[in-house]
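Dumped protein_8.cif below, it's mmCIF, C-alpha atoms:
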data_input
#
loop_
_atom_site.label_atom_id
_atom_site.label_comp_id
_atom_site.auth_asym_id
_atom_site.auth_seq_id
_atom_site.Cartn_x
_atom_site.Cartn_y
_atom_site.Cartn_z
CA MET N 1 -9.96 12.80 35.76
CA ILE N 2 -8.34 9.45 34.95
CA ARG N 3 -11.35 8.42 32.79
CA TRP N 4 -11.09 11.69 30.86
CA MET N 5 -7.36 11.12 30.23
CA VAL N 6 -7.97 7.52 29.10
CA ALA N 7 -10.73 8.72 26.76
CA ALA N 8 -8.47 11.45 25.34
CA VAL N 9 -5.65 8.97 24.72
CA ALA N 10 -8.08 6.55 23.03
CA ILE N 11 -9.42 9.30 20.76
CA PHE N 12 -5.91 10.48 19.85
CA ALA N 13 -4.80 6.90 19.13
CA SER N 14 -7.78 6.33 16.85
CA VAL N 15 -6.89 9.46 14.87
CA GLY N 16 -3.34 8.19 14.47
CA GLY N 17 -0.16 9.95 13.44
CA GLY N 18 -1.41 10.83 10.01
CA ALA N 19 -1.39 7.53 8.15
CA ALA N 20 -4.68 5.69 7.93
CA GLU N 21 -4.75 2.36 9.71
CA PRO N 22 -4.64 -0.60 7.32
CA VAL N 23 -7.86 -2.47 6.70
CA ARG N 24 -5.99 -5.79 6.61
CA THR N 25 -2.55 -7.27 6.07
CA ALA N 26 -1.56 -9.81 3.42
CA THR N 27 1.62 -11.59 2.38
CA TRP N 28 2.01 -11.95 -1.38
CA LYS N 29 4.79 -12.55 -3.93
CA VAL N 30 5.60 -9.59 -6.18
CA VAL N 31 5.74 -10.63 -9.84
CA GLY N 32 6.02 -7.32 -11.70
CA VAL N 33 5.93 -3.54 -11.70
CA SER N 34 3.95 -1.26 -14.00
CA ASP N 35 5.55 2.02 -12.99
CA GLY N 36 7.23 3.61 -9.98
CA ASP N 37 4.25 3.23 -7.64
CA THR N 38 2.25 0.27 -9.00
CA LEU N 39 3.09 -3.42 -8.82
CA THR N 40 1.49 -6.82 -9.39
CA ALA N 41 1.51 -9.53 -6.74
CA LEU N 42 0.21 -13.07 -6.46
CA ASP N 43 -1.61 -14.29 -3.36
CA GLU N 44 -1.52 -17.84 -1.96
CA ASP N 45 -4.19 -18.91 -4.52
CA ASP N 46 -2.20 -17.40 -7.42
CA LYS N 47 -4.77 -14.61 -7.78
CA ARG N 48 -3.23 -11.45 -9.28
CA HIS N 49 -3.49 -8.20 -7.33
CA LYS N 50 -2.64 -4.83 -8.87
CA VAL N 51 -1.30 -2.72 -6.00
CA ARG N 52 -0.85 1.06 -5.89
CA LEU N 53 1.62 2.13 -3.20
CA HIS N 54 -0.34 4.16 -0.66
CA GLY N 55 0.84 7.65 0.26
CA ILE N 56 3.32 8.18 -2.57
CA ASP N 57 3.21 9.35 -6.17
CA ALA N 58 6.10 8.46 -8.48
CA PRO N 59 6.90 10.17 -11.78
CA GLU N 60 5.00 8.83 -14.79
CA THR N 61 7.04 6.51 -17.01
CA ASN N 62 7.39 9.15 -19.76
CA GLN N 63 8.28 11.84 -17.21
CA PRO N 64 11.83 12.60 -16.01
CA PHE N 65 12.86 9.96 -13.45
CA GLY N 66 9.85 7.79 -14.33
CA THR N 67 11.94 4.92 -15.68
CA LYS N 68 14.37 5.12 -12.77
CA ALA N 69 11.45 5.06 -10.30
CA ARG N 70 10.02 1.94 -11.97
CA GLU N 71 13.44 0.27 -11.89
CA ALA N 72 13.91 1.15 -8.21
CA LEU N 73 10.52 -0.35 -7.29
CA GLY N 74 11.46 -3.48 -9.25
CA ARG N 75 14.81 -3.85 -7.46
CA LEU N 76 13.11 -3.52 -4.08
CA THR N 77 10.20 -5.89 -4.72
CA VAL N 78 10.18 -8.19 -7.78
CA LYS N 79 10.49 -11.93 -7.05
CA LYS N 80 10.25 -11.18 -3.33
CA THR N 81 7.61 -11.96 -0.76
CA ALA N 82 6.13 -8.77 0.63
CA THR N 83 3.82 -7.77 3.43
CA PHE N 84 1.00 -5.53 2.21
CA ARG N 85 -0.73 -3.28 4.72
CA LEU N 86 -3.87 -2.75 2.68
CA HIS N 87 -5.85 0.50 2.93
CA GLY N 88 -8.73 -0.27 0.56
CA THR N 89 -8.92 0.30 -3.21
CA ASP N 90 -8.58 3.29 -5.52
CA ARG N 91 -10.98 4.39 -8.25
CA TYR N 92 -9.26 2.03 -10.72
CA GLY N 93 -9.83 -1.01 -8.49
CA ARG N 94 -6.19 -1.33 -7.43
CA ASP N 95 -5.39 -2.31 -3.87
CA LEU N 96 -3.81 0.56 -1.93
CA ALA N 97 -0.99 -0.54 0.36
CA ARG N 98 2.11 0.25 2.31
CA VAL N 99 4.54 -2.47 1.23
CA GLU N 100 7.28 -4.08 3.31
CA VAL N 101 10.05 -6.36 2.07
CA ASP N 102 12.57 -7.83 4.51
CA GLY N 103 11.44 -5.37 7.19
CA GLU N 104 11.95 -2.34 4.93
CA ASP N 105 9.07 0.02 4.10
CA VAL N 106 9.25 0.21 0.30
CA ASN N 107 7.07 3.34 0.13
CA VAL N 108 9.44 5.22 2.47
CA GLU N 109 12.54 3.93 0.67
CA LEU N 110 11.30 5.18 -2.72
CA VAL N 111 10.57 8.64 -1.32
CA LYS N 112 13.88 8.75 0.59
CA ALA N 113 15.80 7.85 -2.58
CA GLY N 114 14.09 10.65 -4.50
CA PHE N 115 11.99 8.41 -6.76
CA ALA N 116 8.57 9.52 -5.47
CA TRP N 117 6.76 12.35 -3.75
CA HIS N 118 4.91 11.98 -0.47
CA TYR N 119 1.31 12.23 -1.73
CA VAL N 120 -0.01 14.49 1.04
CA ARG N 121 -3.40 14.79 -0.68
CA TYR N 122 -4.09 11.20 0.42
CA ASP N 123 -1.67 10.58 3.28
CA HIS N 124 -0.24 12.44 6.28
CA SER N 125 2.37 9.91 7.38
CA PRO N 126 5.21 11.52 9.34
CA GLU N 127 7.61 8.83 7.99
CA LEU N 128 6.87 9.75 4.38
CA ALA N 129 7.04 13.48 5.13
CA SER N 130 10.43 13.01 6.79
CA ALA N 131 11.70 10.86 3.91
CA GLU N 132 10.76 13.56 1.39
CA ARG N 133 12.42 16.32 3.44
CA GLU N 134 15.60 14.22 3.59
CA ALA N 135 15.58 13.51 -0.17
CA ARG N 136 14.98 17.20 -0.98
CA THR N 137 17.77 18.34 1.35
CA GLU N 138 20.23 15.81 -0.06
CA LYS N 139 19.05 16.48 -3.67
CA ARG N 140 18.52 12.77 -4.28
CA GLY N 141 16.92 11.45 -7.45
CA LEU N 142 14.31 13.80 -8.90
CA TRP N 143 15.27 16.46 -6.35
CA ALA N 144 18.53 16.96 -8.29
CA ASP N 145 16.41 18.79 -10.89
CA LYS N 146 16.06 22.52 -10.32
CA GLU N 147 12.26 22.37 -10.52
CA PRO N 148 10.92 18.80 -10.57
CA THR N 149 7.30 18.54 -11.69
CA PRO N 150 5.02 16.52 -9.41
CA PRO N 151 3.25 13.65 -11.23
CA TRP N 152 -0.22 15.05 -10.50
CA GLU N 153 0.79 18.28 -12.30
CA TRP N 154 2.41 16.31 -15.13
CA ARG N 155 -0.79 14.26 -15.63
CA ALA N 156 -2.93 17.42 -15.66
CA THR N 157 -0.63 19.02 -18.26
CA GLU N 158 -0.72 15.87 -20.39
CA ARG N 159 -4.55 15.73 -20.24
CA GLU N 160 -4.71 19.39 -21.21
CA ARG N 161 -2.20 18.93 -24.04
CA LYS N 162 -4.02 15.91 -25.45
CA GLY N 163 -7.33 17.74 -25.21
CA SER N 164 -6.05 20.86 -26.99
CA GLY N 165 -3.77 19.16 -29.53
CA SER N 166 -0.85 21.41 -28.60
CA GLU N 167 2.77 20.37 -28.21
CA PRO N 168 3.97 19.27 -24.74
CA ARG N 169 5.71 21.87 -22.66
CA ASN N 170 9.32 21.29 -21.67
CA VAL N 171 9.15 20.08 -18.09
CA GLY N 172 12.33 19.14 -16.24
CA ALA N 173 15.50 17.80 -17.79
CA ALA N 174 15.16 15.82 -21.02
CA THR N 175 17.07 12.66 -20.07
CA ARG N 176 17.27 10.53 -16.97
#
Conversion result in structure tokens:
Amino acid sequence: MIRWMVAAVAIFASVGGGAAEPVRTATWKVVGVSDGDTLTALDEDDKRHKVRLHGIDAPETNQPFGTKAREALGRLTVKKTATFRLHGTDRYGRDLARVEVDGEDVNVELVKAGFAWHYVRYDHSPELASAEREARTEKRGLWADKEPTPPWEWRATERERKGSGSEPRNVGAATR
């Protein structure tokens, strides 16, 4: 009986609470941000790493709240040393990571402030899910809009628009 319980606990622990276990951890200096969920960091050998924040999706720069999301990521990370819990790479070759600065989970903070969605297609972290529920309830950031458009829908609409040559549809409020 005890062996069965130990085995069950080991199996449950290996499945985790929803977030994939990091492949490795690194400490790098953040030197820039591209948008609300992508940054550039330098390792100890001054090698540049393009990092996509794992488990979140921030508005595109030309989307409502996109500029504010980029600015928020910059305030939290630029010129700071960060711990990167790396989860592999995406199809564009960017490192995927949960990022920590001064003990704060940057991914969670962006979602909690309403500057990103929890990207449940790729992550099932209870912390990110809770942060999004809190931001929605408090109508923080992008959740102040009546019907905010998720970035994955925005990108699909933009691809469709560019492919058909039609005008963009009015999505969300015009200024942020």
Atom pair atom CA of N:Val51 / atom CA of N:Leu96: separation (Å): 5.8 Å
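For the pair atom CA of N:Ser125 and atom CA of N:Glu158, the interatomic distance is 28.6 Å.
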Point-to-point distance in Å for atom CA of N:His87 and atom CA of N:Glu44: 19.5 Å
- prompt: Counting only C-alpha atoms, what is within 9 Å of N:Tyr122, bar same-chain residues fewer than 3 positions away, as a PyMOL selection string?
  reply: chain N and resi 19+54-56+119
For N:Lys80: contacts at 10 Å, only C-alpha atoms, fewer than 6 positions along chain excluded, given as number ranges by chain: N: 28-31, 41, 74, 101-102
Keeping only C-alpha atoms, write the selected residues to a file as a tab-separated table (two decimals), keeping the file's coordinate frame.
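Once written, selection15.tsv looks like this:
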chain	number	residue	atom	x	y	z
N	28	TRP	CA	2.01	-11.95	-1.38
N	29	LYS	CA	4.79	-12.55	-3.93
N	30	VAL	CA	5.60	-9.59	-6.18
N	31	VAL	CA	5.74	-10.63	-9.84
N	41	ALA	CA	1.51	-9.53	-6.74
N	74	GLY	CA	11.46	-3.48	-9.25
N	101	VAL	CA	10.05	-6.36	2.07
N	102	ASP	CA	12.57	-7.83	4.51
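Closest approach to N:Arg94 among N:Arg52, N:Arg155, N:Lys146, N:Thr25 is made by N:Arg52 (distances from only C-alpha atoms).
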Translate the PyMOL selection byres ((chain N and resi 111) around 9) into a concrete residue list for this structure, as a PDB file with C-alpha atoms, in the frame of the given file.
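Everything below was put into selection_18.pdb:
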ATOM      1  CA  ILE N  56       3.320   8.180  -2.570  1.00  0.00           C
ATOM      2  CA  ASP N  57       3.210   9.350  -6.170  1.00  0.00           C
ATOM      3  CA  ALA N  58       6.100   8.460  -8.480  1.00  0.00           C
ATOM      4  CA  VAL N 106       9.250   0.210   0.300  1.00  0.00           C
ATOM      5  CA  ASN N 107       7.070   3.340   0.130  1.00  0.00           C
ATOM      6  CA  VAL N 108       9.440   5.220   2.470  1.00  0.00           C
ATOM      7  CA  GLU N 109      12.540   3.930   0.670  1.00  0.00           C
ATOM      8  CA  LEU N 110      11.300   5.180  -2.720  1.00  0.00           C
ATOM      9  CA  LYS N 112      13.880   8.750   0.590  1.00  0.00           C
ATOM     10  CA  ALA N 113      15.800   7.850  -2.580  1.00  0.00           C
ATOM     11  CA  GLY N 114      14.090  10.650  -4.500  1.00  0.00           C
ATOM     12  CA  PHE N 115      11.990   8.410  -6.760  1.00  0.00           C
ATOM     13  CA  ALA N 116       8.570   9.520  -5.470  1.00  0.00           C
ATOM     14  CA  TRP N 117       6.760  12.350  -3.750  1.00  0.00           C
ATOM     15  CA  HIS N 118       4.910  11.980  -0.470  1.00  0.00           C
ATOM     16  CA  LEU N 128       6.870   9.750   4.380  1.00  0.00           C
ATOM     17  CA  ALA N 129       7.040  13.480   5.130  1.00  0.00           C
ATOM     18  CA  ALA N 131      11.700  10.860   3.910  1.00  0.00           C
ATOM     19  CA  GLU N 132      10.760  13.560   1.390  1.00  0.00           C
ATOM     20  CA  GLU N 134      15.600  14.220   3.590  1.00  0.00           C
ATOM     21  CA  ALA N 135      15.580  13.510  -0.170  1.00  0.00           C
TER      22      ALA N 135
END
query: Do you know which residues the PyMOL selection byres ((chain N and resi 36) around 10) returns on this file, as a VMD selection string?
result: chain N and resid 33 to 35 37 to 39 52 to 53 56 to 61 65 to 74 110 115 to 116
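In terms of minimum interatomic distance to N:Trp152, N:Val120 ranks closest within N:Tyr92, N:Thr27, N:Arg136, N:Val120, counting only C-alpha atoms.
When all atoms listed in the file are used to compute distances to N:Leu76, the closest of the residues N:Asp45, N:Glu100, N:Asp90, N:Asp95 turns out to be N:Glu100.
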